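Coordinates from protein04.cif are shown below (mmCIF, C-alpha atoms).
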data_data
#
loop_
_atom_site.group_PDB
_atom_site.id
_atom_site.type_symbol
_atom_site.label_atom_id
_atom_site.label_comp_id
_atom_site.auth_asym_id
_atom_site.auth_seq_id
_atom_site.Cartn_x
_atom_site.Cartn_y
_atom_site.Cartn_z
ATOM 1 C CA MET N 7 7.343 -14.170 6.105
ATOM 2 C CA TYR N 8 7.355 -10.949 8.149
ATOM 3 C CA LYS N 9 10.040 -9.000 6.307
ATOM 4 C CA PHE N 10 9.769 -5.907 4.145
ATOM 5 C CA ALA N 11 12.341 -6.938 1.583
ATOM 6 C CA LYS N 12 13.691 -4.999 -1.381
ATOM 7 C CA SER N 13 11.658 -7.259 -3.689
ATOM 8 C CA GLU N 14 8.451 -5.962 -2.040
ATOM 9 C CA ARG N 15 9.298 -2.303 -2.642
ATOM 10 C CA LEU N 16 8.180 -0.453 -5.723
ATOM 11 C CA CYS N 17 11.378 1.275 -6.844
ATOM 12 C CA SER N 18 10.990 1.922 -10.574
ATOM 13 C CA LYS N 19 10.192 5.556 -11.369
ATOM 14 C CA ILE N 20 8.189 4.435 -14.410
ATOM 15 C CA GLU N 21 6.062 2.012 -12.366
ATOM 16 C CA ILE N 22 5.514 4.639 -9.660
ATOM 17 C CA ALA N 23 4.380 7.167 -12.295
ATOM 18 C CA LYS N 24 1.959 4.585 -13.753
ATOM 19 C CA LEU N 25 0.640 3.831 -10.270
ATOM 20 C CA PHE N 26 -0.074 7.475 -9.445
ATOM 21 C CA ALA N 27 -1.657 8.007 -12.886
ATOM 22 C CA CYS N 28 -4.099 5.180 -12.122
ATOM 23 C CA LYS N 29 -7.546 6.216 -10.892
ATOM 24 C CA ASP N 30 -8.092 3.329 -8.446
ATOM 25 C CA GLY N 31 -7.704 4.532 -4.893
ATOM 26 C CA PHE N 32 -9.367 5.671 -1.706
ATOM 27 C CA LEU N 33 -8.734 7.565 1.513
ATOM 28 C CA HIS N 34 -8.686 5.971 4.957
ATOM 29 C CA TYR N 35 -7.655 8.975 7.004
ATOM 30 C CA PRO N 36 -4.719 9.579 7.624
ATOM 31 C CA ILE N 37 -3.567 7.330 4.758
ATOM 32 C CA SER N 38 -4.405 7.732 1.092
ATOM 33 C CA VAL N 39 -4.156 4.541 -0.978
ATOM 34 C CA LYS N 40 -3.602 4.066 -4.729
ATOM 35 C CA PHE N 41 -3.436 0.615 -6.313
ATOM 36 C CA LYS N 42 -2.951 -1.052 -9.678
ATOM 37 C CA ILE N 43 -3.104 -4.679 -10.809
ATOM 38 C CA LYS N 44 -1.937 -6.712 -13.767
ATOM 39 C CA GLU N 45 -1.980 -10.400 -14.542
ATOM 40 C CA SER N 46 1.236 -12.300 -14.008
ATOM 41 C CA ILE N 47 2.713 -15.764 -14.007
ATOM 42 C CA SER N 48 4.771 -15.040 -10.896
ATOM 43 C CA PRO N 49 2.555 -12.839 -8.682
ATOM 44 C CA GLN N 50 4.129 -10.102 -6.581
ATOM 45 C CA VAL N 51 2.902 -7.451 -4.186
ATOM 46 C CA LYS N 52 4.849 -4.183 -4.310
ATOM 47 C CA LEU N 53 4.463 -1.136 -2.115
ATOM 48 C CA VAL N 54 5.686 2.454 -2.052
ATOM 49 C CA ILE N 55 5.314 4.553 1.091
ATOM 50 C CA VAL N 56 5.048 8.327 0.782
ATOM 51 C CA SER N 57 5.174 10.934 3.515
ATOM 52 C CA PRO N 58 5.084 14.304 1.743
ATOM 53 C CA LYS N 59 6.890 17.368 2.988
ATOM 54 C CA LYS N 60 3.632 19.260 2.458
ATOM 55 C CA TYR N 61 2.141 17.575 5.548
ATOM 56 C CA GLN N 62 5.192 16.852 7.725
ATOM 57 C CA LYS N 63 7.813 19.581 7.557
ATOM 58 C CA LEU N 64 10.466 17.821 9.648
ATOM 59 C CA SER N 65 12.315 14.887 8.111
ATOM 60 C CA VAL N 66 12.395 13.195 11.511
ATOM 61 C CA ASN N 67 8.596 13.053 11.494
ATOM 62 C CA ARG N 68 8.419 11.897 7.865
ATOM 63 C CA ASN N 69 10.855 9.077 8.552
ATOM 64 C CA ARG N 70 8.981 8.049 11.695
ATOM 65 C CA ILE N 71 5.703 7.877 9.771
ATOM 66 C CA LYS N 72 7.340 5.734 7.080
ATOM 67 C CA ARG N 73 8.781 3.381 9.714
ATOM 68 C CA LEU N 74 5.383 3.021 11.391
ATOM 69 C CA ILE N 75 3.641 2.289 8.079
ATOM 70 C CA LYS N 76 6.328 -0.264 7.123
ATOM 71 C CA GLU N 77 5.896 -2.053 10.441
ATOM 72 C CA ALA N 78 2.098 -2.081 10.151
ATOM 73 C CA TYR N 79 2.359 -3.446 6.598
ATOM 74 C CA ARG N 80 4.893 -6.058 7.690
ATOM 75 C CA LEU N 81 2.460 -7.332 10.319
ATOM 76 C CA ASN N 82 -0.606 -7.367 8.040
ATOM 77 C CA ASN N 83 0.658 -8.278 4.555
ATOM 78 C CA HIS N 84 -0.018 -12.034 4.599
ATOM 79 C CA GLU N 85 -3.641 -11.706 3.383
ATOM 80 C CA ILE N 86 -2.871 -9.599 0.336
ATOM 81 C CA LYS N 87 0.077 -11.801 -0.641
ATOM 82 C CA SER N 88 -2.027 -14.957 -0.518
ATOM 83 C CA PHE N 89 -4.778 -13.189 -2.503
ATOM 84 C CA ALA N 90 -2.271 -12.214 -5.220
ATOM 85 C CA ILE N 91 -0.951 -15.785 -5.425
ATOM 86 C CA GLU N 92 -4.473 -17.282 -5.610
ATOM 87 C CA ASN N 93 -5.549 -14.968 -8.437
ATOM 88 C CA LYS N 94 -2.156 -14.820 -10.214
ATOM 89 C CA ILE N 95 -1.951 -11.026 -10.282
ATOM 90 C CA ASP N 96 0.695 -8.411 -9.540
ATOM 91 C CA ILE N 97 -0.527 -5.796 -7.095
ATOM 92 C CA SER N 98 1.231 -2.429 -6.845
ATOM 93 C CA PHE N 99 0.019 0.082 -4.314
ATOM 94 C CA SER N 100 1.026 3.161 -2.381
ATOM 95 C CA PHE N 101 0.354 4.419 1.109
ATOM 96 C CA SER N 102 0.555 8.213 1.363
ATOM 97 C CA PHE N 103 0.343 9.860 4.765
ATOM 98 C CA VAL N 104 -1.935 12.912 4.495
ATOM 99 C CA SER N 105 -2.189 14.320 8.023
ATOM 100 C CA GLN N 106 -0.339 17.191 9.632
ATOM 101 C CA GLN N 107 -0.581 15.625 13.072
ATOM 102 C CA MET N 108 1.603 12.760 14.211
ATOM 103 C CA VAL N 109 -0.341 9.548 14.794
ATOM 104 C CA LYS N 110 0.341 6.650 17.139
ATOM 105 C CA PHE N 111 1.152 3.163 15.878
ATOM 106 C CA ASP N 112 -2.207 1.722 16.965
ATOM 107 C CA LYS N 113 -4.072 4.094 14.642
ATOM 108 C CA ILE N 114 -1.730 3.470 11.703
ATOM 109 C CA ASN N 115 -1.865 -0.294 12.227
ATOM 110 C CA SER N 116 -5.662 -0.347 12.179
ATOM 111 C CA VAL N 117 -5.831 1.939 9.107
ATOM 112 C CA VAL N 118 -3.271 -0.161 7.198
ATOM 113 C CA ASN N 119 -5.174 -3.344 8.071
ATOM 114 C CA LYS N 120 -8.498 -1.825 6.927
ATOM 115 C CA SER N 121 -6.862 -0.496 3.761
ATOM 116 C CA LEU N 122 -5.410 -3.875 2.822
ATOM 117 C CA THR N 123 -8.793 -5.513 3.448
ATOM 118 C CA ARG N 124 -10.501 -2.899 1.275
ATOM 119 C CA ILE N 125 -7.951 -3.385 -1.527
ATOM 120 C CA ILE N 126 -8.682 -7.124 -1.486
ATOM 121 C CA HIS N 127 -12.441 -6.480 -1.484
ATOM 122 C CA GLU N 128 -12.261 -4.041 -4.415
ATOM 123 C CA LEU N 129 -9.986 -6.360 -6.400
ATOM 124 C CA LYS N 130 -12.400 -9.262 -5.849
ATOM 125 C CA GLN N 131 -15.202 -7.123 -7.276
ATOM 126 C CA LYS N 132 -13.039 -6.101 -10.223
ATOM 127 C CA ILE N 133 -12.120 -9.725 -10.968
ATOM 128 C CA GLU N 134 -15.770 -10.838 -10.733
ATOM 129 C CA ASN N 135 -16.868 -8.022 -13.087
ATOM 130 C CA ASN N 136 -14.231 -9.028 -15.669
ATOM 131 C CA ASN N 137 -15.391 -12.674 -15.654
#
In structure tokens, what does this structure look like?
Amino acid sequence: MYKFAKSERLCSKIEIAKLFACKDGFLHYPISVKFKIKESISPQVKLVIVSPKKYQKLSVNRNRIKRLIKEAYRLNNHEIKSFAIENKIDISFSFSFVSQQMVKFDKINSVVNKSLTRIIHELKQKIENNN
């Protein structure tokens, strides 16, 4: 239940390009979020984590940020997974770190939790508008 398995990672270059071409997204500083949905028989939630060299010059810092985001997602992903299963949709999304300062885990954890809640809220509105 609390793992970040390979099946939860968005690895396909084509799918990643489609995700970043999508206009749905928002910024919860220091994380920028993009998301995309599609209907599916077997719902999945897939994530890509980005820490650009533009903001963090040292690879040590970029890797630390990615580890912190993975851990925060691992602790908070149960809501979005159950939402995807209930509504039978695939959810693909990205977390991009957009700050030049290093941030502590508490801040990242709260931002990831708020971001996941906002994704669910926006998807509920989208589903209601389509019906």
Q: Report as a PyMOL selection string the residues that result from applying the PyMOL selection byres ((chain N and resi 114-125) around 8) to the structure here.
A: chain N and resi 34-37+39+41+74-75+78-79+82-83+86+109-113+126-129
Which neighbours of Ala90 of chain N fall inside 10 Å, counting all atoms listed in the file, when residues of the same chain fewer than 2 positions from it are skipped, and could you give them as a compact mmCIF listing (two decimals) with C-alpha atoms, in the frame of the given file?
# COMPACT_ATOMS: atom_id res chain seq x y z
CA ILE N 43 -3.10 -4.68 -10.81
CA GLU N 45 -1.98 -10.40 -14.54
CA SER N 46 1.24 -12.30 -14.01
CA SER N 48 4.77 -15.04 -10.90
CA PRO N 49 2.56 -12.84 -8.68
CA GLN N 50 4.13 -10.10 -6.58
CA VAL N 51 2.90 -7.45 -4.19
CA GLU N 85 -3.64 -11.71 3.38
CA ILE N 86 -2.87 -9.60 0.34
CA LYS N 87 0.08 -11.80 -0.64
CA SER N 88 -2.03 -14.96 -0.52
CA GLU N 92 -4.47 -17.28 -5.61
CA ASN N 93 -5.55 -14.97 -8.44
CA LYS N 94 -2.16 -14.82 -10.21
CA ILE N 95 -1.95 -11.03 -10.28
CA ASP N 96 0.70 -8.41 -9.54
CA ILE N 97 -0.53 -5.80 -7.10
CA ILE N 126 -8.68 -7.12 -1.49
CA LEU N 129 -9.99 -6.36 -6.40
(Q) So that I can see what lies close to segment 57-64 of chain N, please list as a PyMOL selection string the residues with an atom at most 6 Å from it, counting only C-alpha atoms and leaving out residues fewer than 4 positions away in the same chain. (A) chain N and resi 68+102-103+105-106
Q) Which one of N:Ala27, N:Ile47, N:Leu33, N:Leu16 sits closest to Ile91 of chain N if you count only C-alpha atoms? A) N:Ile47
Q. Exactly which residues make up the result of the PyMOL selection byres ((chain N and resi 30) around 9) on this file, given as a list in words?
A. Leu25, Cys28, Lys29, Gly31, Phe32, Val39, Lys40, Phe41 and Lys42 of chain N
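With all atoms listed in the file as the basis for measurement, N:Lys9 is the residue among N:Lys9, N:Lys44, N:Lys52, N:Lys130 that approaches Glu77 of chain N most closely.
Interatomic distance, atom CA of Met108 of chain N against atom CA of Ile71 of chain N: 7.8 Å.
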Taking all atoms of segment 87-98 of chain N that the file lists, what box with edges along x, y and z, padded by 6 Å per side, do you get, with centre and edge lengths in Å to one decimal, as AutoDock Vina command-line options?
--center_x -2.2 --center_y -9.9 --center_z -5.4 --size_x 18.8 --size_y 26.9 --size_z 21.8
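Using only C-alpha atoms, the smallest distance between any of N:Arg15, N:Ala23, N:Lys132, N:Ser38 and Val54 of chain N comes from N:Arg15.
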Q. Smallest atom-to-atom distance to Arg73 of chain N: which of N:Gln131, N:Phe26, N:Phe10, N:Phe99, using only C-alpha atoms?
A. N:Phe10
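One finds atom CA of Ser13 of chain N at 13.9 Å from atom CA of Lys76 of chain N.
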